[in-house]
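**Q** Have a peek at run.cif (mmCIF, C-alpha atoms).
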data_start
#
loop_
_atom_site.label_atom_id
_atom_site.label_comp_id
_atom_site.auth_asym_id
_atom_site.auth_seq_id
_atom_site.Cartn_x
_atom_site.Cartn_y
_atom_site.Cartn_z
CA MET K 1 57.93 1.30 27.68
CA PRO K 2 56.34 -0.36 24.64
CA LEU K 3 52.86 -1.79 25.11
CA PRO K 4 52.59 -4.53 22.48
CA PHE K 5 48.87 -5.07 23.04
CA LEU K 6 48.19 -1.52 21.82
CA THR K 7 50.13 -1.75 18.57
CA ALA K 8 48.35 -2.41 15.35
CA ASP K 9 51.45 -3.70 13.57
CA ARG K 10 51.74 -3.05 9.87
CA ALA K 11 48.22 -4.16 8.98
CA PHE K 12 46.99 -0.63 8.56
CA ASP K 13 49.95 0.96 6.83
CA ALA K 14 49.25 2.28 3.37
CA GLN K 15 51.74 -0.15 1.82
CA ALA K 16 50.25 -3.20 3.54
CA GLU K 17 46.52 -2.63 2.85
CA ASP K 18 46.46 -5.09 -0.02
CA ILE K 19 48.16 -7.86 1.99
CA ALA K 20 45.69 -10.06 3.87
CA LEU K 21 48.15 -11.42 6.43
CA PRO K 22 50.88 -8.76 6.75
CA PHE K 23 52.47 -10.10 9.95
CA ASP K 24 55.95 -11.58 9.89
CA ASP K 25 55.43 -13.98 12.79
CA HIS K 26 52.18 -15.90 12.42
CA ASP K 27 52.80 -17.92 15.60
CA SER K 28 52.33 -15.03 18.04
CA TRP K 29 48.87 -13.75 18.95
CA ARG K 30 47.97 -10.49 17.18
CA ARG K 31 44.98 -8.20 17.33
CA PRO K 32 44.27 -7.34 13.66
CA TYR K 33 42.96 -3.86 14.49
CA ARG K 34 43.70 -0.90 16.73
CA PRO K 35 41.80 -0.46 19.99
CA GLY K 36 39.00 2.01 19.45
CA PRO K 37 38.74 5.48 20.99
CA TRP K 38 35.95 4.46 23.37
CA ARG K 39 38.02 1.62 24.82
CA VAL K 40 41.12 3.80 25.15
CA ALA K 41 39.12 6.64 26.74
CA ALA K 42 37.57 4.29 29.30
CA ALA K 43 40.99 2.84 30.19
CA ALA K 44 42.52 6.32 30.44
CA SER K 45 39.71 7.44 32.73
CA ALA K 46 40.25 4.41 34.93
CA LEU K 47 43.98 5.12 35.11
CA LEU K 48 43.23 8.75 36.02
CA LEU K 49 40.97 7.52 38.82
CA ALA K 50 43.72 5.16 39.97
CA SER K 51 46.19 8.06 40.16
CA PHE K 52 43.79 9.98 42.41
CA VAL K 53 43.34 6.93 44.62
CA LEU K 54 47.13 6.52 44.86
CA LEU K 55 47.48 10.20 45.76
CA ALA K 56 44.85 9.77 48.46
CA GLY K 57 46.70 6.70 49.72
CA MET K 58 49.94 8.66 49.91
CA ILE K 59 48.25 11.43 51.91
CA ILE K 60 46.72 8.86 54.24
CA ALA K 61 50.14 7.17 54.66
CA PHE K 62 51.76 10.50 55.59
CA ALA K 63 49.06 10.86 58.25
CA ALA K 64 50.29 7.51 59.68
CA GLU K 65 47.02 5.68 58.96
CA PHE K 66 48.59 2.63 57.32
CA PRO K 67 45.49 0.39 57.13
CA GLY K 68 43.69 3.10 55.13
CA ALA K 69 46.73 3.60 52.91
CA THR K 70 46.85 -0.15 52.27
CA VAL K 71 43.19 -0.15 51.25
CA CYS K 72 43.86 2.73 48.84
CA LEU K 73 46.87 0.92 47.36
CA VAL K 74 44.92 -2.29 46.84
CA LEU K 75 41.99 -0.38 45.29
CA ALA K 76 44.35 1.47 42.93
CA LEU K 77 45.98 -1.82 41.86
CA VAL K 78 42.56 -3.32 41.14
CA ILE K 79 41.61 -0.28 39.05
CA ILE K 80 44.90 -0.45 37.13
CA GLY K 81 44.39 -4.18 36.51
CA CYS K 82 40.87 -3.52 35.21
CA ALA K 83 42.15 -0.80 32.87
CA LEU K 84 44.81 -3.12 31.47
CA ARG K 85 42.29 -5.92 31.01
CA LEU K 86 39.96 -3.49 29.26
CA LEU K 87 42.74 -2.64 26.80
CA ARG K 88 43.49 -6.33 26.25
CA MET K 89 39.89 -7.23 25.34
CA GLY K 90 39.11 -8.08 21.73
CA THR K 91 39.76 -10.67 19.05
CA TRP K 92 43.26 -12.05 18.58
CA VAL K 93 44.47 -14.34 15.78
CA SER K 94 47.50 -16.53 15.14
CA ARG K 95 48.43 -19.62 13.22
CA HIS K 96 46.99 -21.65 16.11
CA GLY K 97 43.45 -20.25 16.06
CA VAL K 98 41.28 -17.33 17.04
CA ARG K 99 41.02 -16.03 20.59
CA ARG K 100 38.19 -13.90 21.97
CA VAL K 101 39.40 -12.08 25.07
CA GLY K 102 36.62 -10.80 27.31
CA PHE K 103 36.83 -8.93 30.57
CA PHE K 104 36.32 -12.03 32.75
CA GLY K 105 37.36 -14.85 30.45
CA THR K 106 39.10 -15.92 27.27
CA VAL K 107 37.95 -18.45 24.68
CA THR K 108 40.40 -19.91 22.17
CA VAL K 109 39.21 -21.92 19.19
CA PRO K 110 41.77 -23.76 17.03
CA TRP K 111 41.37 -23.20 13.30
CA ASN K 112 40.71 -26.90 12.68
CA ARG K 113 37.56 -26.61 14.85
CA VAL K 114 36.23 -23.56 12.96
CA THR K 115 33.52 -24.25 10.39
CA ALA K 116 33.00 -20.67 9.17
CA VAL K 117 33.72 -17.04 9.95
CA ARG K 118 31.19 -14.64 8.46
CA THR K 119 29.77 -11.14 8.84
CA VAL K 120 26.01 -10.93 9.43
CA GLN K 121 23.41 -8.23 10.06
CA GLN K 122 21.80 -8.74 13.46
CA PRO K 123 20.93 -6.91 16.67
CA VAL K 124 24.18 -6.21 18.54
CA LYS K 125 24.96 -4.70 21.93
CA TRP K 126 25.78 -1.00 21.94
CA LEU K 127 29.16 -0.49 23.72
CA GLY K 128 28.59 -3.77 25.58
CA PHE K 129 25.50 -2.48 27.39
CA PRO K 130 22.25 -4.52 27.41
CA ARG K 131 20.69 -2.13 24.86
CA THR K 132 20.77 -3.59 21.35
CA VAL K 133 20.82 -1.84 18.01
CA GLN K 134 20.81 -3.16 14.46
CA GLY K 135 24.36 -3.67 13.27
CA GLN K 136 26.96 -6.01 11.86
CA ALA K 137 28.68 -8.81 13.73
CA LEU K 138 31.52 -11.12 12.84
CA LEU K 139 30.44 -14.60 13.92
CA LEU K 140 32.52 -17.73 14.33
CA VAL K 141 30.80 -21.06 13.73
CA ARG K 142 32.49 -23.94 15.56
CA GLN K 143 32.30 -27.65 14.88
CA GLY K 144 29.77 -29.11 17.24
CA GLY K 145 27.79 -25.88 17.21
CA GLY K 146 28.69 -24.41 20.61
CA ALA K 147 27.50 -20.80 20.81
CA LEU K 148 30.18 -18.13 20.95
CA PRO K 149 29.51 -14.40 21.32
CA PRO K 150 30.35 -12.34 18.23
CA LEU K 151 34.07 -11.84 17.66
CA LEU K 152 33.54 -8.23 16.55
CA THR K 153 30.57 -5.89 16.23
CA ASP K 154 30.36 -2.51 14.58
CA ASN K 155 28.88 -1.01 17.78
CA ASN K 156 31.43 -2.15 20.35
CA ALA K 157 34.09 0.04 21.99
CA ASP K 158 36.55 -0.58 19.17
CA PHE K 159 34.39 0.20 16.14
CA LEU K 160 31.59 2.57 17.17
CA THR K 161 31.43 5.24 14.42
CA ARG K 162 34.35 3.52 12.61
CA GLY K 163 32.58 1.40 10.00
CA GLU K 164 35.55 1.21 7.65
CA ALA K 165 37.80 -0.05 10.45
CA PHE K 166 35.23 -2.75 11.28
CA ASP K 167 35.12 -3.89 7.64
CA ARG K 168 38.94 -4.04 7.50
CA ALA K 169 39.18 -5.99 10.76
CA ALA K 170 36.42 -8.42 9.77
CA ASP K 171 38.07 -9.01 6.39
CA THR K 172 41.42 -9.62 8.10
CA VAL K 173 39.99 -12.18 10.54
CA GLU K 174 38.17 -13.90 7.66
CA ALA K 175 41.47 -14.00 5.71
CA TRP K 176 43.22 -15.65 8.66
CA ALA K 177 40.39 -18.17 8.85
CA ASP K 178 40.58 -18.93 5.13
CA GLU K 179 44.37 -19.33 5.30
CA TYR K 180 44.60 -21.62 8.34
CA ARG K 181 41.29 -23.46 8.38
CA GLN K 182 42.32 -25.45 5.33
CA ALA K 183 45.93 -25.99 6.40
#
Would you encode the structure as structure tokens?
**A**
Amino acid sequence: MPLPFLTADRAFDAQAEDIALPFDDHDSWRRPYRPGPWRVAAAASALLLASFVLLAGMIIAFAAEFPGATVCLVLALVIIGCALRLLRMGTWVSRHGVRRVGFFGTVTVPWNRVTAVRTVQQPVKWLGFPRTVQGQALLLVRQGGGALPPLLTDNNADFLTRGEAFDRAADTVEAWADEYRQA
């Protein structure tokens, strides 16, 4: 079963590195980078935990304790949903704007409301924890000035220890902004 939210499309193929916007369909939402190993490892661990919970639920169901089996099933479904949401998190772009998908919410900003997209040096969260370290962040400046968390940081679950991938992703998002902000 294909999982389209895990694909990186052709943006990172050797032939397409010099193309800023290598996607054929600019109307669909695309993540311009691959999910990082930390994010994938966390989701895989959650799915492993869910499989153990489902196994426990099956054993409880065979023991004819259906309320306990139901609790295990519901808990496993919650864990699976969290793992899928974790994989979906990140920055997505299309012709319509830029979308920052978080664990609990999503913010979409149309390109005509974007003033600037730029990379800055600033303290950033390390893997999303409260601890901050000095790093790079891709910031989006909106018309009207409303604060928005960084679109990308070089210390999040997608780019920790992958500086070149962060630079490529930041350049790609900036290229989308340059292309569609003026259109």
**Q** With a distance cut-off of 12 Å and only C-alpha atoms, select the neighbouring residues of K:Phe104, excluding the residue or stretch itself and same-chain residues fewer than 6 positions from it, and output the selection as a PyMOL selection string.
**A** chain K and resi 81-82+85-86+88-89
**Q** Tell me which residues the PyMOL selection byres ((chain K and resi 120-131) around 10) grabs here, as a list in words.
**A**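 Matching residues under the PyMOL selection byres ((chain K and resi 120-131) around 10) are Trp38, Arg39, Val117, Arg118, Thr119, Thr132, Val133, Gln134, Gly135, Gln136, Ala137, Leu138, Leu139, Pro150, Leu152, Thr153, Asp154, Asn155, Asn156, Ala157, Asp158, Phe159 and Leu160 of chain K.
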**Q** So which residues touch stretch 47-63 of chain K within 10 Å, counting only C-alpha atoms, skipping near sequence neighbours fewer than 2 positions away, as an NGL selection string?
**A** :K and (41-45 or 65-84)
**Q** Choose the residue, out of K:Val40, K:Pro35, K:Asp25, K:Pro149, that has the smallest atom-to-atom separation from K:Phe166; count all atoms listed in the file.
**A**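 Between K:Val40, K:Pro35, K:Asp25, K:Pro149, the residue approaching K:Phe166 most closely is K:Pro35.
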**Q** Anything within 9 Å of (39.1, -9.4, 18.7): list those residues as a list in words, counting only C-alpha atoms and sticking to the file's coordinates.
**A**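 Protein, DNA and RNA residues close to (39.1, -9.4, 18.7): Arg31, Pro32, Tyr33, Met89, Gly90, Thr91, Trp92, Val93, Val98, Arg99, Arg100, Val101, Leu151, Leu152, Ala169 and Val173 of chain K.
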**Q** Please compute the atom CA of K:Gly146-atom CA of K:His96 distance, one decimal, in Å.
**A**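 Those two atoms sit 19.0 Å apart.
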**Q** Mind pulling up the distance from atom CA of K:Tyr180 to atom CA of K:Gly144?
**A**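 Separating atom CA of K:Gly144 from atom CA of K:Tyr180 is a distance of 18.8 Å.
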**Q** Determine the axis-aligned bounding box of all atoms of stretch 123-135 of chain K present in the file, pad each side by 4 Å, and express its centre and edge lengths in Å to one decimal place as AutoDock Vina command-line options.
**A**
--center_x 24.9 --center_y -3.7 --center_z 20.3 --size_x 16.5 --size_y 14.4 --size_z 22.1
**Q** Pick out the closest residue to K:Arg34 from this set: K:Leu87, K:Ala64, K:Ala46, K:Leu140. Count all atoms listed in the file.
**A**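 The answer is K:Leu87, which sits nearest to K:Arg34.
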**Q** Which of these residues is nearest to K:Thr172, using only C-alpha atoms: K:Gln143, K:Thr106, K:Ser94, K:Thr115?
**A**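 When distances to K:Thr172 are compared using only C-alpha atoms, the smallest one comes from K:Ser94.
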**Q** Counting only C-alpha atoms, which residue out of K:Arg95, K:Arg168, K:Arg181, K:Arg162 sits closest to K:His26?
**A**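 Between K:Arg95, K:Arg168, K:Arg181, K:Arg162, the residue approaching K:His26 most closely is K:Arg95.
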**Q** In Å to one decimal, how far is atom CA of K:Asp171 from atom CA of K:Pro37?
**A**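 A separation of 20.6 Å between them.
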**Q** Reconstruct stretch 149-163 of chain K at the level of N, CA, C and O atoms, and format the result as a CSV table (one decimal), keeping the file's coordinate frame.
**A**
chain,number,residue,atom,x,y,z
K,149,PRO,N,29.9,-15.8,21.6
K,149,PRO,CA,29.5,-14.4,21.3
K,149,PRO,C,30.2,-13.9,20.1
K,149,PRO,O,31.3,-14.4,19.7
K,150,PRO,N,29.7,-12.9,19.4
K,150,PRO,CA,30.4,-12.3,18.2
K,150,PRO,C,31.8,-12.0,18.5
K,150,PRO,O,32.1,-11.4,19.6
K,151,LEU,N,32.7,-12.2,17.5
K,151,LEU,CA,34.1,-11.8,17.7
K,151,LEU,C,34.2,-10.3,17.6
K,151,LEU,O,35.0,-9.8,18.4
K,152,LEU,N,33.5,-9.7,16.7
K,152,LEU,CA,33.5,-8.2,16.6
K,152,LEU,C,32.1,-7.7,16.2
K,152,LEU,O,31.4,-8.5,15.6
K,153,THR,N,31.8,-6.5,16.7
K,153,THR,CA,30.6,-5.9,16.2
K,153,THR,C,30.9,-4.4,15.9
K,153,THR,O,31.9,-3.9,16.3
K,154,ASP,N,30.1,-3.9,15.0
K,154,ASP,CA,30.4,-2.5,14.6
K,154,ASP,C,29.9,-1.5,15.6
K,154,ASP,O,30.0,-0.3,15.4
K,155,ASN,N,29.3,-1.9,16.7
K,155,ASN,CA,28.9,-1.0,17.8
K,155,ASN,C,29.6,-1.3,19.1
K,155,ASN,O,29.1,-0.9,20.2
K,156,ASN,N,30.7,-2.0,19.1
K,156,ASN,CA,31.4,-2.2,20.4
K,156,ASN,C,32.4,-1.0,20.6
K,156,ASN,O,32.5,-0.1,19.8
K,157,ALA,N,33.2,-1.1,21.6
K,157,ALA,CA,34.1,0.0,22.0
K,157,ALA,C,35.2,0.2,21.0
K,157,ALA,O,35.9,1.3,21.0
K,158,ASP,N,35.5,-0.7,20.1
K,158,ASP,CA,36.6,-0.6,19.2
K,158,ASP,C,36.1,0.0,17.8
K,158,ASP,O,36.9,0.6,17.1
K,159,PHE,N,34.8,-0.2,17.5
K,159,PHE,CA,34.4,0.2,16.1
K,159,PHE,C,33.2,1.1,16.1
K,159,PHE,O,32.7,1.4,15.0
K,160,LEU,N,32.7,1.6,17.2
K,160,LEU,CA,31.6,2.6,17.2
K,160,LEU,C,32.0,3.8,16.4
K,160,LEU,O,33.0,4.4,16.6
K,161,THR,N,31.2,4.1,15.4
K,161,THR,CA,31.4,5.2,14.4
K,161,THR,C,32.7,5.0,13.5
K,161,THR,O,33.1,6.0,12.9
K,162,ARG,N,33.2,3.8,13.5
K,162,ARG,CA,34.4,3.5,12.6
K,162,ARG,C,34.0,2.3,11.7
K,162,ARG,O,34.6,1.3,11.8
K,163,GLY,N,33.0,2.5,10.8
K,163,GLY,CA,32.6,1.4,10.0
K,163,GLY,C,33.6,0.8,9.1
K,163,GLY,O,33.7,-0.4,8.9
